[in-house]
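Source file: target.cif (mmCIF, C-alpha atoms and all ligand atoms)
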data_query
#
loop_
_atom_site.label_atom_id
_atom_site.label_comp_id
_atom_site.auth_asym_id
_atom_site.auth_seq_id
_atom_site.Cartn_x
_atom_site.Cartn_y
_atom_site.Cartn_z
CA MET G 6 0.00 0.00 0.00
CA ARG G 7 1.33 3.43 -0.90
CA GLU G 8 -0.34 6.38 0.83
CA ASN G 9 -3.40 4.17 1.35
CA LYS G 10 -3.52 3.37 -2.38
CA VAL G 11 -3.51 -0.23 -3.58
CA VAL G 12 -0.40 -0.86 -5.68
CA TYR G 13 -0.89 -2.85 -8.88
CA GLY G 14 1.74 -4.84 -10.76
CA LEU G 15 0.63 -5.43 -14.35
CA ILE G 16 1.93 -8.49 -16.20
CA GLY G 17 1.35 -8.41 -19.96
CA TYR G 18 1.38 -5.05 -21.74
CA GLY G 19 -0.55 -5.94 -24.88
CA GLY G 20 -3.99 -4.73 -25.96
CA MET G 21 -5.68 -5.49 -22.65
CA GLY G 22 -2.75 -4.47 -20.47
CA ARG G 23 -2.79 -1.03 -22.05
CA TRP G 24 -6.57 -0.81 -21.58
CA HIS G 25 -6.18 -1.60 -17.86
CA THR G 26 -3.73 1.29 -17.49
CA GLU G 27 -6.43 3.58 -18.93
CA ILE G 28 -9.18 2.24 -16.67
CA LEU G 29 -6.96 2.41 -13.61
CA SER G 30 -6.25 6.07 -14.30
CA ASN G 31 -9.91 6.62 -13.28
CA VAL G 32 -9.47 4.86 -9.95
CA PRO G 33 -7.69 7.24 -7.59
CA GLU G 34 -7.53 4.58 -4.85
CA ALA G 35 -5.19 2.47 -7.03
CA VAL G 36 -1.76 3.11 -8.49
CA ILE G 37 0.31 1.14 -11.00
CA GLY G 38 3.59 0.26 -9.27
CA GLY G 39 5.12 -1.28 -12.35
CA ILE G 40 4.72 -3.38 -15.47
CA TYR G 41 6.38 -6.54 -16.75
CA ASP G 42 6.03 -8.03 -20.24
CA ILE G 43 8.03 -10.95 -21.57
CA LYS G 44 8.80 -8.98 -24.76
CA GLU G 45 11.47 -6.32 -24.58
CA GLU G 46 9.69 -4.04 -27.05
CA LYS G 47 6.61 -4.03 -24.84
CA ARG G 48 8.72 -3.20 -21.79
CA GLU G 49 10.26 -0.33 -23.77
CA GLU G 50 6.80 0.88 -24.78
CA ALA G 51 5.69 0.86 -21.13
CA LYS G 52 8.83 2.80 -20.11
CA GLU G 53 8.13 5.38 -22.81
CA LYS G 54 4.63 5.80 -21.36
CA GLY G 55 6.29 6.66 -18.06
CA PHE G 56 5.66 3.43 -16.12
CA PHE G 57 8.22 1.74 -13.90
CA VAL G 58 9.21 -1.48 -15.66
CA TYR G 59 10.49 -4.72 -14.13
CA GLU G 60 13.00 -6.69 -16.17
CA THR G 61 11.68 -10.03 -14.86
CA GLU G 62 8.50 -11.45 -13.35
CA GLU G 63 10.54 -12.51 -10.28
CA ALA G 64 11.59 -8.91 -9.69
CA MET G 65 7.97 -7.79 -9.64
CA LEU G 66 6.88 -10.62 -7.36
CA ALA G 67 9.77 -9.88 -4.98
CA ASP G 68 8.80 -6.21 -4.69
CA PRO G 69 7.07 -5.76 -1.30
CA ASP G 70 5.37 -2.63 -2.64
CA ILE G 71 3.08 -4.60 -4.99
CA ASP G 72 -0.29 -5.52 -3.43
CA VAL G 73 -2.02 -7.09 -6.42
CA VAL G 74 -0.79 -8.65 -9.63
CA LEU G 75 -3.01 -8.12 -12.65
CA ILE G 76 -2.39 -10.80 -15.30
CA ALA G 77 -3.14 -9.76 -18.90
CA THR G 78 -1.15 -12.39 -20.81
CA PRO G 79 -2.46 -15.04 -23.23
CA ASN G 80 -4.86 -17.46 -21.55
CA ASP G 81 -2.48 -20.39 -20.98
CA CYS G 82 -0.12 -18.23 -18.86
CA HIS G 83 -2.72 -17.12 -16.32
CA LYS G 84 -2.54 -20.19 -14.09
CA PRO G 85 1.24 -20.50 -13.59
CA ILE G 86 1.70 -16.76 -13.08
CA ALA G 87 -1.26 -16.55 -10.68
CA ILE G 88 0.00 -19.46 -8.57
CA ARG G 89 3.54 -18.01 -8.42
CA ALA G 90 2.17 -14.60 -7.51
CA MET G 91 -0.06 -15.89 -4.71
CA HIS G 92 2.83 -17.92 -3.27
CA ALA G 93 4.88 -14.71 -3.37
CA GLY G 94 2.22 -13.13 -1.15
CA LYS G 95 0.38 -11.15 -3.84
CA ASN G 96 -3.33 -10.82 -4.46
CA VAL G 97 -4.23 -11.72 -8.03
CA ILE G 98 -6.58 -10.50 -10.74
CA SER G 99 -6.57 -12.75 -13.78
CA GLU G 100 -7.91 -11.71 -17.15
CA LYS G 101 -10.67 -13.91 -18.53
CA PRO G 102 -10.83 -16.82 -19.12
CA VAL G 103 -9.23 -17.49 -15.75
CA THR G 104 -7.65 -20.64 -17.21
CA LEU G 105 -8.37 -23.48 -19.63
CA SER G 106 -10.19 -26.08 -17.52
CA SER G 107 -11.99 -26.61 -14.22
CA ALA G 108 -9.10 -28.83 -13.03
CA ASP G 109 -6.69 -25.94 -13.60
CA LEU G 110 -9.04 -23.54 -11.82
CA LEU G 111 -9.19 -25.92 -8.85
CA GLU G 112 -5.38 -25.71 -8.57
CA MET G 113 -5.61 -21.93 -8.61
CA GLU G 114 -8.37 -21.97 -5.98
CA ASN G 115 -6.27 -24.23 -3.77
CA ALA G 116 -3.35 -21.81 -4.05
CA ALA G 117 -5.69 -18.97 -3.02
CA LYS G 118 -6.87 -21.00 -0.01
CA GLU G 119 -3.34 -22.01 1.03
CA THR G 120 -1.99 -18.48 0.81
CA GLY G 121 -5.11 -16.62 1.96
CA LYS G 122 -4.78 -14.29 -1.03
CA LEU G 123 -7.51 -12.83 -3.21
CA LEU G 124 -7.96 -14.48 -6.60
CA THR G 125 -10.51 -12.82 -8.83
CA VAL G 126 -11.18 -12.52 -12.54
CA HIS G 127 -11.78 -9.53 -14.80
CA GLN G 128 -15.30 -10.40 -15.97
CA ASN G 129 -15.77 -6.80 -17.05
CA ARG G 130 -18.79 -7.41 -19.28
CA ARG G 131 -21.00 -7.57 -16.22
CA TRP G 132 -20.75 -3.76 -16.47
CA ASP G 133 -21.80 -3.56 -20.14
CA ASP G 134 -24.80 -1.26 -20.63
CA ASP G 135 -26.59 -3.67 -23.00
CA PHE G 136 -26.35 -6.47 -20.43
CA LEU G 137 -27.47 -4.22 -17.55
CA ILE G 138 -30.55 -3.20 -19.56
CA ILE G 139 -31.52 -6.83 -20.17
CA LYS G 140 -30.83 -7.75 -16.54
CA LYS G 141 -33.12 -4.93 -15.39
CA LEU G 142 -35.89 -5.97 -17.81
CA VAL G 143 -35.72 -9.56 -16.62
CA GLU G 144 -35.48 -8.73 -12.91
CA GLU G 145 -38.35 -6.23 -13.07
CA GLN G 146 -40.40 -8.71 -15.10
CA LYS G 147 -41.16 -6.00 -17.67
CA LEU G 148 -41.98 -8.70 -20.22
CA GLY G 149 -43.72 -11.10 -17.84
CA HIS G 150 -42.25 -14.58 -17.59
CA VAL G 151 -39.24 -14.72 -19.89
CA PHE G 152 -39.23 -17.97 -21.80
CA ARG G 153 -36.34 -17.32 -24.18
CA ILE G 154 -33.24 -15.14 -24.30
CA GLU G 155 -30.90 -14.92 -27.26
CA SER G 156 -27.49 -13.35 -26.66
CA ARG G 157 -25.25 -13.01 -29.68
CA VAL G 158 -22.07 -11.33 -30.82
CA HIS G 159 -21.37 -11.47 -34.53
CA GLY G 160 -18.35 -10.26 -36.49
CA SER G 161 -16.89 -11.12 -39.88
CA ARG G 162 -13.13 -10.91 -39.32
CA GLY G 163 -12.43 -14.46 -38.17
CA ILE G 164 -10.37 -14.95 -35.01
CA PRO G 165 -8.14 -11.93 -34.38
CA GLY G 166 -4.46 -11.95 -33.41
CA ASP G 167 -2.09 -14.87 -33.23
CA TRP G 168 -2.36 -16.83 -29.97
CA ARG G 169 -6.18 -16.76 -30.07
CA LYS G 170 -6.00 -19.10 -33.07
CA GLU G 171 -3.95 -21.73 -31.21
CA LYS G 172 -5.22 -24.42 -28.87
CA VAL G 173 -2.07 -24.49 -26.76
CA HIS G 174 -2.64 -20.87 -25.73
CA GLY G 175 -6.32 -21.41 -24.93
CA GLY G 176 -7.54 -19.94 -28.19
CA GLY G 177 -11.02 -20.17 -29.69
CA MET G 178 -14.22 -18.23 -29.28
CA VAL G 179 -15.82 -20.25 -26.47
CA LEU G 180 -12.93 -19.25 -24.21
CA ASP G 181 -12.59 -15.77 -25.67
CA TRP G 182 -16.10 -14.31 -26.07
CA GLY G 183 -18.17 -17.24 -24.79
CA VAL G 184 -16.77 -16.75 -21.31
CA HIS G 185 -18.19 -13.21 -21.23
CA LEU G 186 -21.65 -14.06 -22.59
CA LEU G 187 -22.02 -17.14 -20.39
CA ASP G 188 -20.83 -15.24 -17.32
CA GLN G 189 -23.50 -12.59 -17.97
CA ILE G 190 -26.29 -15.16 -18.20
CA LEU G 191 -25.15 -17.12 -15.14
CA TYR G 192 -24.70 -13.92 -13.14
CA MET G 193 -28.24 -12.85 -14.09
CA TYR G 194 -29.64 -16.29 -13.25
CA GLY G 195 -27.35 -16.91 -10.27
CA ASP G 196 -29.99 -18.82 -8.34
CA ARG G 197 -31.52 -20.84 -11.15
CA LYS G 198 -30.15 -24.23 -12.09
CA ILE G 199 -29.13 -25.04 -15.64
CA GLU G 200 -30.69 -28.36 -16.54
CA THR G 201 -29.29 -29.13 -20.00
CA VAL G 202 -26.69 -27.86 -22.45
CA TYR G 203 -26.57 -28.46 -26.19
CA ALA G 204 -23.91 -26.85 -28.39
CA SER G 205 -22.19 -26.86 -31.74
CA LEU G 206 -18.90 -25.22 -32.74
CA THR G 207 -17.88 -23.70 -36.05
CA ASN G 208 -14.54 -24.03 -37.83
CA VAL G 209 -15.03 -21.82 -40.87
CA THR G 210 -11.77 -19.85 -40.85
CA ASN G 211 -9.81 -21.92 -38.36
CA GLN G 212 -9.56 -25.68 -37.98
CA GLU G 213 -7.51 -25.81 -34.78
CA VAL G 214 -9.92 -24.03 -32.43
CA ASP G 215 -13.57 -23.01 -32.64
CA ASP G 216 -14.13 -19.74 -34.52
CA GLY G 217 -17.72 -19.57 -33.24
CA PHE G 218 -20.36 -21.55 -31.42
CA THR G 219 -24.04 -21.80 -30.57
CA ALA G 220 -25.07 -23.09 -27.16
CA ILE G 221 -28.59 -23.69 -25.89
CA LEU G 222 -29.03 -23.76 -22.14
CA THR G 223 -32.27 -24.75 -20.47
CA PHE G 224 -32.90 -23.41 -17.00
CA GLU G 225 -35.22 -24.80 -14.36
CA GLY G 226 -38.44 -22.85 -14.40
CA GLY G 227 -38.60 -23.04 -18.17
CA THR G 228 -36.29 -20.46 -19.69
CA GLU G 229 -34.22 -21.36 -22.73
CA VAL G 230 -31.12 -19.27 -23.42
CA LEU G 231 -29.27 -19.25 -26.71
CA VAL G 232 -25.70 -17.96 -26.60
CA GLU G 233 -23.90 -17.50 -29.90
CA VAL G 234 -20.58 -16.16 -31.11
CA GLY G 235 -19.91 -15.85 -34.84
CA THR G 236 -16.79 -14.53 -36.57
CA ASN G 237 -17.82 -15.10 -40.17
CA ASN G 238 -21.16 -13.28 -40.08
CA TYR G 239 -21.35 -10.52 -42.69
CA ILE G 240 -24.84 -9.65 -41.44
CA SER G 241 -25.14 -9.49 -37.68
CA LEU G 242 -28.24 -10.62 -35.82
CA PRO G 243 -29.30 -8.49 -32.83
CA ARG G 244 -27.07 -8.46 -29.75
CA TRP G 245 -30.07 -9.38 -27.55
CA TYR G 246 -33.55 -10.73 -28.28
CA VAL G 247 -35.71 -11.44 -25.25
CA LEU G 248 -39.11 -13.08 -25.36
CA GLY G 249 -41.52 -12.81 -22.44
CA GLU G 250 -45.13 -13.91 -22.22
CA ASP G 251 -46.21 -10.23 -22.25
CA GLY G 252 -43.76 -8.75 -24.72
CA THR G 253 -40.48 -8.80 -26.59
CA ALA G 254 -37.31 -6.72 -26.28
CA VAL G 255 -34.51 -6.28 -28.74
CA ILE G 256 -31.11 -4.59 -28.52
CA ARG G 257 -29.71 -4.54 -32.01
CA ASP G 258 -26.18 -3.27 -31.58
CA TRP G 259 -23.48 -1.82 -29.30
CA GLN G 260 -25.08 1.63 -29.76
CA LEU G 261 -28.08 0.23 -27.85
CA ASN G 262 -30.57 0.70 -30.67
CA GLY G 263 -33.64 -1.30 -29.84
CA GLU G 264 -37.05 -1.28 -28.25
CA ILE G 265 -39.66 -3.12 -26.24
CA ILE G 266 -43.04 -4.12 -27.65
CA ARG G 267 -45.62 -5.15 -25.06
CA LYS G 268 -49.24 -6.21 -25.27
CA THR G 269 -51.76 -3.71 -23.90
CA GLY G 270 -54.43 -6.21 -22.93
CA MET G 271 -56.79 -5.12 -25.74
CA THR G 272 -57.95 -8.19 -27.60
CA GLU G 273 -58.68 -8.70 -31.28
CA GLU G 274 -61.93 -10.56 -31.84
CA THR G 275 -61.45 -10.98 -35.53
CA VAL G 276 -58.00 -11.22 -37.04
CA VAL G 277 -57.58 -10.22 -40.66
CA PRO G 278 -55.36 -12.78 -42.37
CA VAL G 279 -52.22 -11.58 -44.08
CA LYS G 280 -51.59 -12.66 -47.65
CA THR G 281 -48.21 -14.33 -48.20
CA ALA G 282 -46.87 -15.42 -51.60
CA ALA G 283 -48.75 -18.68 -51.77
CA GLY G 284 -51.28 -18.51 -49.01
CA LEU G 285 -53.07 -16.76 -46.15
CA THR G 286 -52.13 -16.76 -42.48
CA LYS G 287 -53.87 -15.44 -39.39
CA THR G 288 -51.15 -16.81 -37.09
CA MET G 289 -48.47 -14.57 -38.55
CA ALA G 290 -50.68 -11.54 -39.21
CA PRO G 291 -49.40 -8.25 -37.72
CA ARG G 292 -51.20 -7.10 -34.58
CA ARG G 293 -53.74 -4.28 -34.50
CA GLU G 294 -52.03 -1.06 -33.34
CA ASP G 295 -54.03 -0.66 -30.09
CA THR G 296 -53.18 -4.16 -28.85
CA ILE G 297 -49.49 -3.39 -28.49
CA VAL G 298 -47.35 -0.57 -27.15
CA LYS G 299 -43.83 0.33 -28.14
CA GLU G 300 -41.49 1.52 -25.39
CA ASP G 301 -37.93 2.72 -25.16
CA LEU G 302 -35.37 0.51 -23.49
CA PRO G 303 -34.65 1.58 -19.93
CA LYS G 304 -31.50 3.65 -19.41
CA VAL G 305 -28.88 1.87 -17.34
CA SER G 306 -25.20 2.49 -17.50
CA GLY G 307 -22.30 0.67 -15.91
CA ASP G 308 -18.86 1.95 -15.02
CA ILE G 309 -16.12 -0.57 -15.68
CA ALA G 310 -13.82 1.20 -13.21
CA ASP G 311 -16.14 -0.27 -10.53
CA PHE G 312 -14.38 -3.60 -11.04
CA HIS G 313 -11.09 -2.14 -9.82
CA ARG G 314 -12.83 -0.07 -7.12
CA ASN G 315 -14.20 -3.34 -5.77
CA VAL G 316 -10.75 -4.99 -5.84
CA VAL G 317 -9.37 -2.02 -3.90
CA ALA G 318 -12.21 -2.35 -1.35
CA VAL G 319 -11.52 -6.08 -0.97
CA ILE G 320 -7.80 -5.55 -0.36
CA ARG G 321 -8.07 -2.43 1.77
CA ASP G 322 -11.31 -2.95 3.67
CA GLY G 323 -12.09 -6.68 3.42
CA ALA G 324 -15.13 -6.16 1.14
CA GLU G 325 -16.68 -9.06 -0.79
CA PRO G 326 -15.24 -9.58 -4.28
CA GLU G 327 -17.75 -8.83 -7.04
CA ILE G 328 -16.42 -11.70 -9.15
CA LYS G 329 -16.46 -14.76 -6.96
CA LEU G 330 -14.58 -17.98 -7.64
CA PHE G 331 -17.64 -20.22 -7.40
CA GLN G 332 -19.23 -18.14 -10.19
CA VAL G 333 -16.08 -18.44 -12.29
CA MET G 334 -16.02 -22.21 -11.71
CA ARG G 335 -19.67 -22.52 -12.78
CA VAL G 336 -18.88 -20.76 -16.08
CA MET G 337 -15.78 -22.92 -16.57
CA LYS G 338 -17.81 -26.12 -16.10
CA LEU G 339 -20.43 -24.80 -18.48
CA MET G 340 -17.77 -24.19 -21.15
CA GLU G 341 -16.57 -27.77 -20.63
CA ALA G 342 -20.14 -29.00 -21.11
CA ILE G 343 -20.34 -26.96 -24.33
CA PHE G 344 -17.19 -28.62 -25.68
CA GLN G 345 -18.48 -32.03 -24.59
CA SER G 346 -21.86 -31.51 -26.24
CA ALA G 347 -20.28 -30.29 -29.48
CA GLU G 348 -17.89 -33.22 -29.58
CA THR G 349 -20.51 -35.90 -28.86
CA ASN G 350 -23.47 -34.16 -30.50
CA GLN G 351 -25.42 -34.95 -27.33
CA VAL G 352 -27.55 -32.97 -24.95
CA ILE G 353 -25.58 -32.76 -21.68
CA GLU G 354 -27.40 -33.06 -18.35
CA PHE G 355 -25.60 -30.28 -16.51
CA GLN G 356 -24.71 -31.00 -12.89
CA ASP G 357 -25.26 -27.42 -11.77
CA GLN G 358 -24.31 -26.45 -8.24
CA VAL G 359 -26.02 -23.20 -7.33
P1 LIG G 401 -2.03 -9.47 -26.47
O1 LIG G 401 -1.42 -10.54 -27.29
O2 LIG G 401 -2.34 -8.15 -27.10
O3 LIG G 401 -1.10 -9.16 -25.20
C1 LIG G 401 -0.55 -10.17 -24.40
C2 LIG G 401 0.77 -9.66 -23.84
O4 LIG G 401 1.27 -10.61 -22.91
C3 LIG G 401 1.85 -9.50 -24.94
O5 LIG G 401 2.40 -8.22 -24.89
C4 LIG G 401 2.86 -10.59 -24.61
O6 LIG G 401 4.20 -10.22 -24.92
C5 LIG G 401 2.67 -10.73 -23.11
N1 LIG G 401 3.09 -12.03 -22.56
C6 LIG G 401 2.94 -13.24 -23.11
N2 LIG G 401 3.40 -14.19 -22.25
C7 LIG G 401 3.86 -13.54 -21.17
C8 LIG G 401 4.46 -13.96 -19.97
N3 LIG G 401 4.66 -15.24 -19.68
N4 LIG G 401 4.82 -13.01 -19.08
C9 LIG G 401 4.64 -11.70 -19.33
N5 LIG G 401 4.08 -11.24 -20.45
C10 LIG G 401 3.68 -12.15 -21.36
O7 LIG G 401 -3.34 -10.10 -25.84
P2 LIG G 401 -4.54 -9.30 -25.18
O8 LIG G 401 -5.59 -9.08 -26.19
O9 LIG G 401 -4.02 -8.16 -24.41
O10 LIG G 401 -5.11 -10.42 -24.19
C11 LIG G 401 -4.48 -10.65 -22.96
C12 LIG G 401 -5.49 -11.28 -22.00
O11 LIG G 401 -6.55 -10.36 -21.81
C13 LIG G 401 -6.13 -12.57 -22.52
O12 LIG G 401 -6.33 -13.45 -21.45
C14 LIG G 401 -7.46 -12.12 -23.08
O13 LIG G 401 -8.45 -13.11 -23.06
C15 LIG G 401 -7.79 -10.99 -22.13
N6 LIG G 401 -8.68 -9.97 -22.72
C16 LIG G 401 -9.73 -9.59 -21.99
C17 LIG G 401 -10.62 -8.67 -22.50
C18 LIG G 401 -11.77 -8.25 -21.64
O14 LIG G 401 -12.64 -7.55 -22.14
N7 LIG G 401 -11.80 -8.64 -20.37
C19 LIG G 401 -10.43 -8.12 -23.77
C20 LIG G 401 -9.29 -8.51 -24.49
C21 LIG G 401 -8.43 -9.44 -23.95
#
Translate the structure described by the file into structure tokens.
Amino acid sequence: MRENKVVYGLIGYGGMGRWHTEILSNVPEAVIGGIYDIKEEKREEAKEKGFFVYETEEAMLADPDIDVVLIATPNDCHKPIAIRAMHAGKNVISEKPVTLSSADLLEMENAAKETGKLLTVHQNRRWDDDFLIIKKLVEEQKLGHVFRIESRVHGSRGIPGDWRKEKVHGGGMVLDWGVHLLDQILYMYGDRKIETVYASLTNVTNQEVDDGFTAILTFEGGTEVLVEVGTNNYISLPRWYVLGEDGTAVIRDWQLNGEIIRKTGMTEETVVPVKTAAGLTKTMAPRREDTIVKEDLPKVSGDIADFHRNVVAVIRDGAEPEIKLFQVMRVMKLMEAIFQSAETNQVIEFQDQV
């Protein structure tokens, strides 16, 4: 601790490492004590930005000034660095995905228990505005009983970067984006058991790891959730599509374009059929104007700096971590069930422990 500020040591100064330095500049209770990256050019870049730079990981871990090590390296490095850091007496924040399997996570959890150190994970998309809007709609039952949620992210650039394309580094879209979307759903439905999981993976631009996936989760109480990541989608489907018994909500894009349509309670005695190319249908006929109402999405906005504010509160004041290990383990087991379902083409009975 330096003047009552929590001192961060950042390991990995790539895209996400740099982003953390920006976010942390909005958290006055935290200070970056220094940065280490395995690549010399990245260490030079950090020096040029004015940060103190360690020449080795050991030097950072041996520095008594560092309270918490923030790991922003490729996915396969999180576990060994986290375990070394905790044994060196440091609290740890790992980037997502925390590691590559539930067995690996168990080792990390054991190290946290043995050392009494904080281990938490940067599941920052719990603070995304689009997610917070959907969470509010569901919690306030704006649409009545929600029977289906579709959560998608679609791009058309394939898998970005280098290590994300390789299995050995924990590449692939389930571990990259899936971990965010699944964490959001499980956080929202923290107390509802998942009953079954069915999933398929895509390998359109990459054969080594999945470049997309679709997973269907069924929850007790009768809600089905579709989670999908696509990287070869030249037309994107909406980010969120939520179906309740009393209405439907859509969020189309990151700009939060979308709306809610709800029924008013006015009934239509006689429905005028709509003419389609080769027939008539009453089932699919548009509704009469006065039987539905269009509403704006509620305004909710998150502040991602709250993640680090919480870490500071945990370290300084013994607060509860926002991202808890049992939640991270639940998501990890769900990702394993997704891989298992895709490999066997079977519906998996998920042994959920909530
Ligand atoms: P990146 O390739 O841009 O950066 C990784 C950095 O780690 C590189 O500079 C590399 O030299 C360094 N590195 C590799 N091995 C190292 C080691 N053993 N010790 C020290 N440094 C090492 O990757 P990125 O996009 O910054 O992703 C890093 C992590 O952040 C990944 O786990 C990724 O999943 C995560 N990430 C999270 C989000 C989010 O929104 N939470 C977004 C992007 C990336």
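Remark: for G:Ala324, the closest of the candidate residues G:Ala283, G:Gln128, G:Gly19, G:Leu123 is G:Leu123 (distances computed over all atoms listed in the file).
Closest approach to G:Gly121 from the set G:Asn237, G:Ile320, G:Ile43, G:Ile37 is made by G:Ile320, with distances taken over only C-alpha atoms.
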Restrict the calculation to all atoms listed in the file, then for each residue of stretch 249-333 of chain G with any atom at most 10 Å from an atom of stretch 132-151 of chain G give the closest atom pair and their distance in Å to one decimal, rows by chain and rising residue number, as JSON lines.
{"residue": "G:Gly249", "atom": "CA", "partner": "G:Val151", "partner_atom": "CA", "distance": 3.9}
{"residue": "G:Glu250", "atom": "CA", "partner": "G:Gly149", "partner_atom": "CA", "distance": 5.4}
{"residue": "G:Asp251", "atom": "CA", "partner": "G:Leu148", "partner_atom": "CA", "distance": 4.9}
{"residue": "G:Gly252", "atom": "CA", "partner": "G:Leu148", "partner_atom": "CA", "distance": 4.8}
{"residue": "G:Thr253", "atom": "CA", "partner": "G:Leu148", "partner_atom": "CA", "distance": 6.5}
{"residue": "G:Ala254", "atom": "CA", "partner": "G:Leu148", "partner_atom": "CA", "distance": 7.9}
{"residue": "G:Val255", "atom": "CA", "partner": "G:Ile139", "partner_atom": "CA", "distance": 9.1}
{"residue": "G:Ile256", "atom": "CA", "partner": "G:Asp135", "partner_atom": "CA", "distance": 7.2}
{"residue": "G:Arg257", "atom": "CA", "partner": "G:Asp135", "partner_atom": "CA", "distance": 9.6}
{"residue": "G:Asp258", "atom": "CA", "partner": "G:Asp135", "partner_atom": "CA", "distance": 8.6}
{"residue": "G:Trp259", "atom": "CA", "partner": "G:Asp135", "partner_atom": "CA", "distance": 7.3}
{"residue": "G:Gln260", "atom": "CA", "partner": "G:Asp135", "partner_atom": "CA", "distance": 8.7}
{"residue": "G:Leu261", "atom": "CA", "partner": "G:Asp135", "partner_atom": "CA", "distance": 6.4}
{"residue": "G:Asn262", "atom": "CA", "partner": "G:Asp135", "partner_atom": "CA", "distance": 9.7}
{"residue": "G:Ile265", "atom": "CA", "partner": "G:Leu148", "partner_atom": "CA", "distance": 8.5}
{"residue": "G:Ile266", "atom": "CA", "partner": "G:Leu148", "partner_atom": "CA", "distance": 8.8}
{"residue": "G:Arg267", "atom": "CA", "partner": "G:Leu148", "partner_atom": "CA", "distance": 7.0}
{"residue": "G:Lys268", "atom": "CA", "partner": "G:Leu148", "partner_atom": "CA", "distance": 9.2}
{"residue": "G:Leu302", "atom": "CA", "partner": "G:Ile138", "partner_atom": "CA", "distance": 7.2}
{"residue": "G:Pro303", "atom": "CA", "partner": "G:Ile138", "partner_atom": "CA", "distance": 6.3}
{"residue": "G:Lys304", "atom": "CA", "partner": "G:Ile138", "partner_atom": "CA", "distance": 6.9}
{"residue": "G:Val305", "atom": "CA", "partner": "G:Ile138", "partner_atom": "CA", "distance": 5.8}
{"residue": "G:Ser306", "atom": "CA", "partner": "G:Asp134", "partner_atom": "CA", "distance": 4.9}
{"residue": "G:Gly307", "atom": "CA", "partner": "G:Trp132", "partner_atom": "CA", "distance": 4.7}
{"residue": "G:Asp308", "atom": "CA", "partner": "G:Trp132", "partner_atom": "CA", "distance": 6.2}
{"residue": "G:Ile309", "atom": "CA", "partner": "G:Trp132", "partner_atom": "CA", "distance": 5.7}
{"residue": "G:Ala310", "atom": "CA", "partner": "G:Trp132", "partner_atom": "CA", "distance": 9.1}
{"residue": "G:Asp311", "atom": "CA", "partner": "G:Trp132", "partner_atom": "CA", "distance": 8.3}
{"residue": "G:Phe312", "atom": "CA", "partner": "G:Trp132", "partner_atom": "CA", "distance": 8.4}
Can you pull out every residue with an atom within 10 Å of ligand LIG 401 (chain G)? Use all atoms listed in the file and format it as a compact mmCIF listing (two decimals) with C-alpha atoms, in the coordinates of the input.
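Below is the file that was written, part30.txt:
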# COMPACT_ATOMS: atom_id res chain seq x y z
CA LEU G 15 0.63 -5.43 -14.35
CA ILE G 16 1.93 -8.49 -16.20
CA GLY G 17 1.35 -8.41 -19.96
CA TYR G 18 1.38 -5.05 -21.74
CA GLY G 19 -0.55 -5.94 -24.88
CA GLY G 20 -3.99 -4.73 -25.96
CA MET G 21 -5.68 -5.49 -22.65
CA GLY G 22 -2.75 -4.47 -20.47
CA ARG G 23 -2.79 -1.03 -22.05
CA TRP G 24 -6.57 -0.81 -21.58
CA HIS G 25 -6.18 -1.60 -17.86
CA ILE G 40 4.72 -3.38 -15.47
CA TYR G 41 6.38 -6.54 -16.75
CA ASP G 42 6.03 -8.03 -20.24
CA ILE G 43 8.03 -10.95 -21.57
CA LYS G 44 8.80 -8.98 -24.76
CA GLU G 45 11.47 -6.32 -24.58
CA GLU G 46 9.69 -4.04 -27.05
CA LYS G 47 6.61 -4.03 -24.84
CA ARG G 48 8.72 -3.20 -21.79
CA THR G 61 11.68 -10.03 -14.86
CA GLU G 62 8.50 -11.45 -13.35
CA ILE G 76 -2.39 -10.80 -15.30
CA ALA G 77 -3.14 -9.76 -18.90
CA THR G 78 -1.15 -12.39 -20.81
CA PRO G 79 -2.46 -15.04 -23.23
CA ASN G 80 -4.86 -17.46 -21.55
CA ASP G 81 -2.48 -20.39 -20.98
CA CYS G 82 -0.12 -18.23 -18.86
CA HIS G 83 -2.72 -17.12 -16.32
CA PRO G 85 1.24 -20.50 -13.59
CA ILE G 86 1.70 -16.76 -13.08
CA SER G 99 -6.57 -12.75 -13.78
CA GLU G 100 -7.91 -11.71 -17.15
CA LYS G 101 -10.67 -13.91 -18.53
CA PRO G 102 -10.83 -16.82 -19.12
CA VAL G 103 -9.23 -17.49 -15.75
CA THR G 104 -7.65 -20.64 -17.21
CA VAL G 126 -11.18 -12.52 -12.54
CA HIS G 127 -11.78 -9.53 -14.80
CA GLN G 128 -15.30 -10.40 -15.97
CA ASN G 129 -15.77 -6.80 -17.05
CA ARG G 130 -18.79 -7.41 -19.28
CA PRO G 165 -8.14 -11.93 -34.38
CA GLY G 166 -4.46 -11.95 -33.41
CA ASP G 167 -2.09 -14.87 -33.23
CA TRP G 168 -2.36 -16.83 -29.97
CA ARG G 169 -6.18 -16.76 -30.07
CA HIS G 174 -2.64 -20.87 -25.73
CA GLY G 175 -6.32 -21.41 -24.93
CA GLY G 176 -7.54 -19.94 -28.19
CA MET G 178 -14.22 -18.23 -29.28
CA LEU G 180 -12.93 -19.25 -24.21
CA ASP G 181 -12.59 -15.77 -25.67
CA TRP G 182 -16.10 -14.31 -26.07
CA VAL G 184 -16.77 -16.75 -21.31
CA HIS G 185 -18.19 -13.21 -21.23
What's the 7 Å shell around G:Ala220, counting all atoms listed in the file, without same-chain residues fewer than 2 positions away, as a short mmCIF file (atom, residue, chain, number, x, y, z; two decimals) with C-alpha atoms, in the frame of the given file?
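Result file part_11.cif:
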data_model
loop_
_atom_site.label_atom_id
_atom_site.label_comp_id
_atom_site.auth_asym_id
_atom_site.auth_seq_id
_atom_site.Cartn_x
_atom_site.Cartn_y
_atom_site.Cartn_z
CA VAL G 202 -26.69 -27.86 -22.45
CA TYR G 203 -26.57 -28.46 -26.19
CA ALA G 204 -23.91 -26.85 -28.39
CA SER G 205 -22.19 -26.86 -31.74
CA PHE G 218 -20.36 -21.55 -31.42
CA LEU G 222 -29.03 -23.76 -22.14
CA LEU G 231 -29.27 -19.25 -26.71
CA VAL G 232 -25.70 -17.96 -26.60
CA GLU G 233 -23.90 -17.50 -29.90
CA ILE G 343 -20.34 -26.96 -24.33
#
